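Asker: My file is target.tsv. It has TSV, C-alpha atoms and all ligand atoms:
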```tsv
chain	number	residue	atom	x	y	z
A	1	MET	CA	100.50	6.63	88.85
A	2	VAL	CA	104.14	7.04	89.74
A	3	GLY	CA	105.54	3.69	88.81
A	4	ASN	CA	108.31	2.24	86.73
A	5	SER	CA	106.96	3.74	83.56
A	6	VAL	CA	107.61	7.14	85.06
A	7	ASN	CA	111.20	6.36	85.88
A	8	GLY	CA	111.68	5.58	82.26
A	9	ALA	CA	110.44	9.04	81.38
A	10	GLY	CA	113.42	9.56	79.14
A	11	GLY	CA	113.93	7.47	76.04
A	12	THR	CA	110.90	5.20	76.10
A	13	ASN	CA	108.13	7.76	75.86
A	14	GLY	CA	109.71	10.04	73.33
A	15	SER	CA	110.32	12.94	75.68
A	16	THR	CA	114.05	12.84	75.05
A	17	ALA	CA	114.05	10.91	71.85
A	18	GLY	CA	114.65	14.16	70.03
A	19	GLY	CA	112.27	16.29	68.03
A	20	GLU	CA	112.79	17.87	64.64
A	21	VAL	CA	112.91	21.64	64.81
A	22	ALA	CA	113.72	23.52	61.62
A	23	GLY	CA	115.46	20.45	60.27
A	24	ARG	CA	117.62	20.00	63.38
A	25	THR	CA	117.34	17.25	65.92
A	26	VAL	CA	116.74	18.50	69.44
A	27	THR	CA	117.50	16.18	72.31
A	28	VAL	CA	117.03	18.23	75.47
A	29	GLY	CA	114.15	19.80	77.30
A	30	GLY	CA	111.73	16.86	77.04
A	31	VAL	CA	109.05	17.08	79.72
A	32	ARG	CA	107.05	14.42	81.50
A	33	VAL	CA	104.26	15.30	83.91
A	34	ALA	CA	103.26	12.07	85.59
A	35	GLY	CA	100.02	11.83	87.54
A	36	VAL	CA	100.37	15.29	89.02
A	37	THR	CA	97.71	16.39	91.47
A	38	HIS	CA	98.14	19.71	93.22
A	39	GLU	CA	96.25	21.34	96.05
A	40	TYR	CA	96.72	24.65	97.80
A	41	ALA	CA	95.42	25.40	101.26
A	42	LEU	CA	92.77	28.11	101.33
A	43	HIS	CA	91.24	29.17	104.66
A	44	GLY	CA	92.58	25.95	106.16
A	45	ARG	CA	90.88	23.75	103.55
A	46	PRO	CA	92.43	22.04	100.54
A	47	LEU	CA	91.84	23.76	97.20
A	48	PRO	CA	92.29	21.18	94.44
A	49	VAL	CA	93.97	22.81	91.44
A	50	LEU	CA	95.40	20.06	89.22
A	51	ASP	CA	93.74	16.67	88.96
A	52	ASP	CA	96.01	13.76	88.03
A	53	LEU	CA	97.63	15.45	85.03
A	54	THR	CA	99.76	13.32	82.77
A	55	LEU	CA	101.54	14.86	79.79
A	56	THR	CA	104.57	14.21	77.66
A	57	ILE	CA	106.14	17.08	75.76
A	58	GLY	CA	108.88	16.28	73.27
A	59	SER	CA	112.28	17.96	73.15
A	60	GLY	CA	112.13	21.15	71.14
A	61	GLU	CA	108.34	21.08	70.91
A	62	PHE	CA	106.28	24.26	71.17
A	63	THR	CA	103.21	23.54	73.27
A	64	ALA	CA	100.46	25.99	74.12
A	65	VAL	CA	98.25	25.55	77.18
A	66	VAL	CA	94.82	27.18	77.28
A	67	GLY	CA	92.14	26.91	79.94
A	68	PRO	CA	89.69	28.96	81.98
A	69	SER	CA	90.98	31.60	84.37
A	70	GLY	CA	91.91	30.02	87.68
A	71	SER	CA	92.15	26.52	86.22
A	72	GLY	CA	95.74	25.98	87.30
A	73	LYS	CA	97.83	26.94	84.24
A	74	SER	CA	100.27	29.15	86.15
A	75	THR	CA	100.44	26.48	88.83
A	76	LEU	CA	101.51	23.94	86.20
A	77	LEU	CA	104.29	26.30	85.02
A	78	ARG	CA	105.38	26.96	88.61
A	79	LEU	CA	105.64	23.22	89.19
A	80	LEU	CA	107.72	22.85	86.00
A	81	ALA	CA	109.91	25.76	87.09
A	82	GLY	CA	110.47	23.95	90.39
A	83	LEU	CA	108.91	26.78	92.40
A	84	GLU	CA	106.29	24.44	93.87
A	85	THR	CA	106.27	20.76	94.76
A	86	PRO	CA	103.21	18.78	93.63
A	87	THR	CA	100.90	17.29	96.24
A	88	ARG	CA	101.07	13.99	94.35
A	89	GLY	CA	102.85	12.77	91.23
A	90	ARG	CA	106.16	13.80	89.72
A	91	LEU	CA	107.60	16.00	87.00
A	92	PHE	CA	110.67	15.24	84.92
A	93	VAL	CA	112.88	17.01	82.42
A	94	ASP	CA	114.90	14.65	80.25
A	95	GLY	CA	114.04	11.85	82.65
A	96	ARG	CA	115.40	13.71	85.69
A	97	PRO	CA	112.96	14.65	88.45
A	98	ILE	CA	112.41	18.38	88.92
A	99	GLN	CA	113.53	19.14	92.46
A	100	GLY	CA	113.74	22.92	92.48
A	101	PRO	CA	114.50	25.89	90.25
A	102	HIS	CA	117.30	25.56	87.69
A	103	PRO	CA	118.64	28.04	85.12
A	104	SER	CA	117.93	25.53	82.34
A	105	ARG	CA	114.22	26.11	83.03
A	106	ALA	CA	113.24	29.76	82.62
A	107	LEU	CA	109.87	31.26	83.48
A	108	VAL	CA	108.72	34.48	81.78
A	109	PHE	CA	105.69	36.27	83.20
A	110	GLN	CA	103.00	38.53	81.80
A	111	ASP	CA	104.60	41.39	83.69
A	112	PRO	CA	108.24	41.80	82.57
A	113	THR	CA	109.38	42.30	86.23
A	114	LEU	CA	112.64	44.01	85.26
A	115	PHE	CA	114.76	45.61	87.97
A	116	PRO	CA	113.97	49.33	87.47
A	117	TRP	CA	117.35	50.48	88.78
A	118	ARG	CA	119.30	48.37	86.30
A	119	THR	CA	119.76	49.09	82.59
A	120	VAL	CA	118.50	46.57	80.04
A	121	ARG	CA	121.99	45.08	79.75
A	122	ARG	CA	122.36	44.83	83.54
A	123	ASN	CA	118.96	43.16	83.76
A	124	VAL	CA	120.02	40.57	81.19
A	125	GLU	CA	123.24	40.03	83.13
A	126	VAL	CA	121.37	38.93	86.25
A	127	GLY	CA	121.50	35.18	85.54
A	128	PRO	CA	125.17	34.97	84.46
A	129	GLN	CA	126.12	37.22	87.39
A	130	ALA	CA	124.22	35.07	89.90
A	131	ARG	CA	126.11	32.04	88.65
A	132	GLY	CA	129.46	33.89	88.83
A	133	LYS	CA	129.85	33.53	85.06
A	134	LEU	CA	129.46	37.11	83.93
A	135	GLY	CA	133.11	37.48	82.94
A	136	GLU	CA	133.02	34.57	80.50
A	137	GLN	CA	129.42	35.19	79.32
A	138	ARG	CA	129.58	38.91	78.53
A	139	ASP	CA	129.59	38.17	74.79
A	140	ARG	CA	126.52	36.03	75.22
A	141	VAL	CA	124.71	38.95	76.88
A	142	GLY	CA	125.48	41.13	73.84
A	143	GLU	CA	124.40	38.39	71.43
A	144	THR	CA	121.13	37.87	73.27
A	145	LEU	CA	120.37	41.61	73.22
A	146	GLU	CA	121.03	41.50	69.48
A	147	LEU	CA	118.76	38.47	69.10
A	148	VAL	CA	115.81	40.30	70.66
A	149	GLY	CA	116.59	43.54	68.81
A	150	LEU	CA	117.54	45.58	71.86
A	151	SER	CA	121.21	46.33	71.24
A	152	ALA	CA	120.47	50.02	70.71
A	153	PHE	CA	118.64	50.16	74.05
A	154	ALA	CA	121.16	48.17	76.10
A	155	ASP	CA	121.89	51.18	78.28
A	156	ALA	CA	118.27	52.30	78.67
A	157	TYR	CA	116.39	51.83	81.93
A	158	PRO	CA	113.10	49.87	82.01
A	159	SER	CA	111.11	53.11	82.44
A	160	GLN	CA	112.50	54.25	79.07
A	161	LEU	CA	111.14	51.19	77.19
A	162	SER	CA	107.81	50.52	75.50
A	163	GLY	CA	105.76	47.55	76.75
A	164	GLY	CA	106.92	45.35	73.86
A	165	MET	CA	110.56	46.30	74.41
A	166	ALA	CA	110.30	45.56	78.13
A	167	GLN	CA	108.87	42.15	77.30
A	168	ARG	CA	111.73	41.55	74.83
A	169	ALA	CA	114.18	42.47	77.62
A	170	ALA	CA	112.47	39.95	79.91
A	171	LEU	CA	112.78	37.31	77.18
A	172	ALA	CA	116.47	38.17	76.75
A	173	ARG	CA	116.99	37.82	80.49
A	174	ALA	CA	115.59	34.28	80.24
A	175	LEU	CA	117.28	33.34	76.94
A	176	VAL	CA	120.77	34.42	78.04
A	177	ASN	CA	120.80	31.38	80.31
A	178	GLU	CA	120.24	29.21	77.21
A	179	PRO	CA	117.26	27.44	78.76
A	180	GLU	CA	116.32	24.01	77.55
A	181	LEU	CA	112.79	24.68	78.67
A	182	LEU	CA	111.19	28.11	78.31
A	183	LEU	CA	108.00	28.51	80.33
A	184	LEU	CA	105.91	31.44	79.16
A	185	ASP	CA	103.02	32.60	81.34
A	186	GLU	CA	100.92	34.87	79.11
A	187	PRO	CA	104.07	36.83	78.21
A	188	LEU	CA	102.27	38.91	75.58
A	189	GLY	CA	99.04	39.37	77.53
A	190	ARG	CA	99.45	43.06	78.27
A	191	LEU	CA	100.51	44.16	74.79
A	192	ASP	CA	98.31	45.89	72.24
A	193	ALA	CA	97.08	43.76	69.33
A	194	LEU	CA	99.68	44.89	66.77
A	195	THR	CA	102.67	44.68	69.11
A	196	ARG	CA	101.40	41.31	70.18
A	197	LEU	CA	101.40	40.01	66.60
A	198	ALA	CA	104.92	41.35	66.06
A	199	MET	CA	106.08	39.72	69.31
A	200	GLN	CA	104.47	36.41	68.33
A	201	ARG	CA	106.59	36.45	65.17
A	202	GLU	CA	109.68	37.27	67.20
A	203	LEU	CA	108.96	34.53	69.69
A	204	LEU	CA	108.57	32.05	66.87
A	205	ASN	CA	111.86	33.17	65.31
A	206	LEU	CA	113.64	32.92	68.67
A	207	TRP	CA	112.31	29.41	69.10
A	208	LEU	CA	113.43	28.45	65.58
A	209	ALA	CA	116.87	29.95	66.25
A	210	ARG	CA	117.40	28.51	69.73
A	211	ARG	CA	115.36	25.28	69.59
A	212	PHE	CA	114.37	25.19	73.25
A	213	THR	CA	111.25	23.40	74.39
A	214	ALA	CA	108.54	26.04	74.83
A	215	ILE	CA	105.39	25.85	76.93
A	216	LEU	CA	103.20	28.90	76.41
A	217	VAL	CA	100.20	29.62	78.61
A	218	THR	CA	97.84	31.96	76.81
A	219	HIS	CA	94.21	33.03	76.82
A	220	ASP	CA	94.44	33.78	73.13
A	221	VAL	CA	93.41	30.70	71.13
A	222	ASP	CA	94.61	32.32	67.88
A	223	GLU	CA	98.02	32.92	69.44
A	224	ALA	CA	98.17	29.29	70.50
A	225	LEU	CA	97.23	28.09	67.01
A	226	ARG	CA	99.63	30.50	65.31
A	227	LEU	CA	102.64	29.43	67.34
A	228	ALA	CA	102.35	25.97	68.78
A	229	ASP	CA	102.85	22.41	67.58
A	230	ARG	CA	99.99	21.42	69.84
A	231	VAL	CA	97.41	23.03	72.07
A	232	ILE	CA	96.54	21.45	75.39
A	233	VAL	CA	93.10	22.48	76.60
A	234	LEU	CA	92.59	22.33	80.35
A	235	SER	CA	89.26	22.09	82.15
A	236	ASP	CA	88.03	24.27	84.98
A	237	ARG	CA	89.78	23.79	88.32
A	238	PRO	CA	90.84	21.19	89.27
A	239	ALA	CA	92.38	21.03	85.82
A	240	ARG	CA	92.25	17.90	83.70
A	241	VAL	CA	93.31	17.67	80.06
A	242	LEU	CA	90.15	18.18	78.00
A	243	ALA	CA	91.92	17.93	74.66
A	244	ASP	CA	95.37	17.75	73.16
A	245	VAL	CA	95.10	19.28	69.69
A	246	PRO	CA	97.99	18.80	67.25
A	247	VAL	CA	98.56	21.81	65.00
A	248	THR	CA	100.20	20.65	61.81
A	249	ALA	CA	99.54	23.60	59.47
A	250	PRO	CA	102.86	24.86	58.07
A	251	ARG	CA	104.33	28.05	59.54
A	252	PRO	CA	104.00	30.96	59.12
A	253	ARG	CA	100.31	30.55	59.85
A	254	LEU	CA	97.41	32.84	59.28
A	255	THR	CA	94.63	31.83	61.62
A	256	ASP	CA	91.96	32.51	59.01
A	257	GLU	CA	93.09	29.35	57.20
A	258	ALA	CA	90.25	26.83	57.04
A	259	GLU	CA	91.98	24.12	59.08
A	260	LEU	CA	92.86	26.53	61.87
A	261	ARG	CA	89.36	28.01	61.88
A	262	VAL	CA	87.96	24.54	62.57
A	263	GLN	CA	90.50	23.98	65.36
A	264	ARG	CA	89.77	27.38	66.86
A	265	ARG	CA	86.05	26.62	66.95
A	266	HIS	CA	86.68	23.23	68.54
A	267	ILE	CA	88.89	24.73	71.27
A	268	LEU	CA	86.53	27.64	71.97
A	269	ASP	CA	83.63	25.16	72.24
A	270	LEU	CA	85.62	23.15	74.78
A	271	LEU	CA	86.26	26.34	76.76
A	272	GLY	CA	82.56	27.20	76.69
A	273	ALA	CA	83.31	30.29	74.60
A	274	GLY	CA	82.17	28.98	71.22
A	275	ALA	CA	79.16	30.06	69.14
A	276	ASP	CA	76.67	28.59	71.66
A	277	ALA	CA	77.94	30.96	74.34
A	278	TRP	CA	76.74	33.93	72.26
A	279	THR	CA	73.17	32.81	71.69
A	301	LIG	N1	99.73	30.33	96.56
A	301	LIG	C1	98.44	30.02	96.47
A	301	LIG	N2	97.72	29.72	97.57
A	301	LIG	C2	96.42	29.39	97.50
A	301	LIG	N3	95.74	29.29	96.34
A	301	LIG	C3	96.41	29.58	95.20
A	301	LIG	C4	97.78	29.96	95.20
A	301	LIG	N4	98.16	30.17	93.93
A	301	LIG	C5	97.09	29.95	93.17
A	301	LIG	N5	96.03	29.58	93.94
A	301	LIG	C6	94.70	29.20	93.46
A	301	LIG	O1	94.86	28.14	92.54
A	301	LIG	C7	93.93	28.26	91.48
A	301	LIG	C8	94.70	28.21	90.17
A	301	LIG	O2	95.53	29.35	90.09
A	301	LIG	P1	96.46	29.60	88.81
A	301	LIG	O3	97.14	30.89	89.05
A	301	LIG	O4	97.29	28.41	88.56
A	301	LIG	O5	95.34	29.73	87.66
A	301	LIG	P2	95.50	30.16	86.14
A	301	LIG	O6	94.91	29.08	85.32
A	301	LIG	O7	96.91	30.55	85.86
A	301	LIG	O8	94.54	31.45	86.07
A	301	LIG	P3	94.66	32.76	85.15
A	301	LIG	O9	94.28	32.31	83.77
A	301	LIG	O10	93.64	33.68	85.74
A	301	LIG	O11	96.06	33.27	85.25
A	301	LIG	C9	93.17	29.56	91.72
A	301	LIG	O12	91.92	29.23	92.27
A	301	LIG	C10	94.01	30.32	92.72
A	301	LIG	O13	93.20	31.06	93.59
A	302	MG	MG	97.81	32.36	85.38
```
Rewrite the coordinates I just gave you, this time as structure tokens.
Ligand SMILES: Nc1ncnc2c1ncn2[C@@H]1O[C@H](COP(=O)(O)OP(=O)(O)OP(=O)(O)O)[C@@H](O)[C@H]1O
Ligand SMILES: [Mg+2]

Answerer:
Amino acid sequence: MVGNSVNGAGGTNGSTAGGEVAGRTVTVGGVRVAGVTHEYALHGRPLPVLDDLTLTIGSGEFTAVVGPSGSGKSTLLRLLAGLETPTRGRLFVDGRPIQGPHPSRALVFQDPTLFPWRTVRRNVEVGPQARGKLGEQRDRVGETLELVGLSAFADAYPSQLSGGMAQRAALARALVNEPELLLLDEPLGRLDALTRLAMQRELLNLWLARRFTAILVTHDVDEALRLADRVIVLSDRPARVLADVPVTAPRPRLTDEAELRVQRRHILDLLGAGADAWT
């Protein structure tokens, strides 16, 4: 799988050719997953998790990934974040192989994982501080807090925030590094339904404002259809791509629109959670 075509993962396959986001051309953050197979070791035996996955995600695209629990979605994000090395195959961003973590690729988890002893502002400062750039990027910290609507809570501690606010702080901590690729692992999974809807809108607005490439893992098919340009449906472990569903309905989207209802049914059927599962 990993041949010359992979080395050309930049311009030739569209991953860095530049996507249109809100009328602007975006040229960074294109992703290529080339023949990636991944296995963990469990009780001394290989546990196959990803099975020869090949994907191209355009610069500035918003992609959702859905699949059964334990199918390997978080593993895929961890590989893209450079936190794991695939058993076989390769991953590229803008044609460059991923060889480890990098601030241009940020991973946001379901659990906000803020440092409890640091204020919101000090949590957001973690990245710039680690890179020794806090002095020159202090304005950026303030701007990012503004962007996620947390300026008034900059000096609050995580224990003084609601769940939605904590998740916004976690997003700010990732966005302050101006990632080209934002990897979101069920970031809204623990929020109540109304906060979740509000946060979906905010996430969409952040993406429109910052034009990063976004890969969102979610169990919520409506969330995927509301936000993404395309929904990749993974199979049970070891994960293969069952479907790659383009979502072309104009935003903002209400998922009771006819076209989206049909897509939702199709995706739920693929996941074995459609109408047949209830009879
Ligand atoms: N570090 C690890 N060592 C061994 N097995 C692991 C490790 N991390 C994950 N796994 C296994 O890999 C499989 C895929 O895990 P992963 O977390 O990627 O699934 P997921 O699709 O994100 O699931 P969920 O939707 O429940 O979050 C699971 O069977 C899990 O037990
Ligand atoms: Mg997971």

Asker: Find the residues around stretch 27-40 of chain A up to 6 Å (all atoms listed in the file counted), leave out those fewer than 5 positions away in its own chain, and share them as JSON, numbers by chain.

Answerer: {"A": [1, 15, 16, 18, 46, 47, 48, 49, 50, 51, 52, 53, 54, 55, 56, 57, 58, 59, 86, 87, 88, 89, 90, 91, 92, 93, 94, 180, 181, 213]}

Asker: Please produce a file of the residues just selected, as a short mmCIF file (atom, residue, chain, number, x, y, z; two decimals), keeping the file's coordinate frame, where the atoms kept are C-alpha atoms.

Answerer:
```
data_model
loop_
_atom_site.label_atom_id
_atom_site.label_comp_id
_atom_site.auth_asym_id
_atom_site.auth_seq_id
_atom_site.Cartn_x
_atom_site.Cartn_y
_atom_site.Cartn_z
CA MET A 1 100.50 6.63 88.85
CA SER A 15 110.32 12.94 75.68
CA THR A 16 114.05 12.84 75.05
CA GLY A 18 114.65 14.16 70.03
CA PRO A 46 92.43 22.04 100.54
CA LEU A 47 91.84 23.76 97.20
CA PRO A 48 92.29 21.18 94.44
CA VAL A 49 93.97 22.81 91.44
CA LEU A 50 95.40 20.06 89.22
CA ASP A 51 93.74 16.67 88.96
CA ASP A 52 96.01 13.76 88.03
CA LEU A 53 97.63 15.45 85.03
CA THR A 54 99.76 13.32 82.77
CA LEU A 55 101.54 14.86 79.79
CA THR A 56 104.57 14.21 77.66
CA ILE A 57 106.14 17.08 75.76
CA GLY A 58 108.88 16.28 73.27
CA SER A 59 112.28 17.96 73.15
CA PRO A 86 103.21 18.78 93.63
CA THR A 87 100.90 17.29 96.24
CA ARG A 88 101.07 13.99 94.35
CA GLY A 89 102.85 12.77 91.23
CA ARG A 90 106.16 13.80 89.72
CA LEU A 91 107.60 16.00 87.00
CA PHE A 92 110.67 15.24 84.92
CA VAL A 93 112.88 17.01 82.42
CA ASP A 94 114.90 14.65 80.25
CA GLU A 180 116.32 24.01 77.55
CA LEU A 181 112.79 24.68 78.67
CA THR A 213 111.25 23.40 74.39
#
```

Asker: How close does chain A get to ligand MG 302 (chain A)? List, as JSON lines, each residue of chain A within 8 Å, its nearest atom pair and the distance in Å to one decimal, counting all atoms listed in the file.

Answerer:
```
{"residue": "A:Ser69", "atom": "CA", "partner": "A:MG302", "partner_atom": "MG", "distance": 6.9}
{"residue": "A:Gly70", "atom": "CA", "partner": "A:MG302", "partner_atom": "MG", "distance": 6.8}
{"residue": "A:Gly72", "atom": "CA", "partner": "A:MG302", "partner_atom": "MG", "distance": 7.0}
{"residue": "A:Lys73", "atom": "CA", "partner": "A:MG302", "partner_atom": "MG", "distance": 5.5}
{"residue": "A:Ser74", "atom": "CA", "partner": "A:MG302", "partner_atom": "MG", "distance": 4.1}
{"residue": "A:Thr75", "atom": "CA", "partner": "A:MG302", "partner_atom": "MG", "distance": 7.3}
{"residue": "A:Asp185", "atom": "CA", "partner": "A:MG302", "partner_atom": "MG", "distance": 6.6}
{"residue": "A:Glu186", "atom": "CA", "partner": "A:MG302", "partner_atom": "MG", "distance": 7.4}
{"residue": "A:Val217", "atom": "CA", "partner": "A:MG302", "partner_atom": "MG", "distance": 7.7}
```

Asker: As JSON, what would the box around ligand LIG 301 (chain A) look like: edges along x, y and z, 8 Å added on every side, centre and edge lengths in Å to one decimal?

Answerer:
```
{"center_x": 95.8, "center_y": 30.9, "center_z": 90.7, "size_x": 23.8, "size_y": 21.5, "size_z": 29.8}
```

Asker: Looking at all atoms listed in the file, which of A:Ala172, A:Ala64, A:Ile267, A:Ala214 is the one that sits closest to A:Arg226?

Answerer: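 Smallest separation from A:Arg226 among the options: A:Ala64.
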
Asker: Calculate how many Å separate atom CA of A:Gly44 from atom O7 of ligand LIG 301 (chain A), rounding to one decimal.

Answerer: 21.3 Å

Asker: Hey, can you check how far atom CA of A:Pro103 sits from atom CA of A:Ala166?

Answerer: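 One can read the atom CA of A:Pro103 to atom CA of A:Ala166 distance as 20.6 Å.
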
Asker: Report, in Å with one decimal, the straight-line distance from atom CA of A:Gly82 to atom CA of A:Gly67.

Answerer: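 Atom CA of A:Gly67 lies 21.3 Å from atom CA of A:Gly82.
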
Asker: Quick one: residues within 10 Å of stretch 243-250 of chain A, only C-alpha atoms counted, chain neighbours fewer than 6 positions away excluded, as an MDAnalysis selection string?

Answerer: chainID A and resid 55 63:65 224:235 257 259:260 263 266:267 270

Asker: Counting only C-alpha atoms and all ligand atoms, which residue out of A:Gln110, A:Ser104, A:Gln137, A:Thr119 sits closest to ligand LIG 301 (chain A)?

Answerer: A:Gln110

Asker: Taking 4 positions as the minimum chain separation for residues in the same chain, which residues sit within 12 Å of A:Gly189 when counting all atoms listed in the file? Answer as a ChimeraX atom specification.

Answerer: /A:108-112,163-164,167,184-185,193,195-197,199-200,216-220,223

Asker: Please determine, counting all atoms listed in the file, which residue among A:Asp139, A:Asp256, A:Glu178, A:Glu61 has the shortest atom-to-atom distance to A:Gly127.

Answerer: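 Looking at the shortest contact to A:Gly127, the residue is A:Glu178.
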
Asker: With distances taken over all atoms listed in the file, which residue among A:Leu206, A:Ala169, A:Ala258, A:Arg121 lies nearest A:Phe62?

Answerer: A:Leu206

Asker: Considering only C-alpha atoms and all ligand atoms, can you say which of A:Arg253, A:Arg261, A:Arg190, A:Arg237 comes closest to ligand LIG 301 (chain A)?

Answerer: A:Arg237
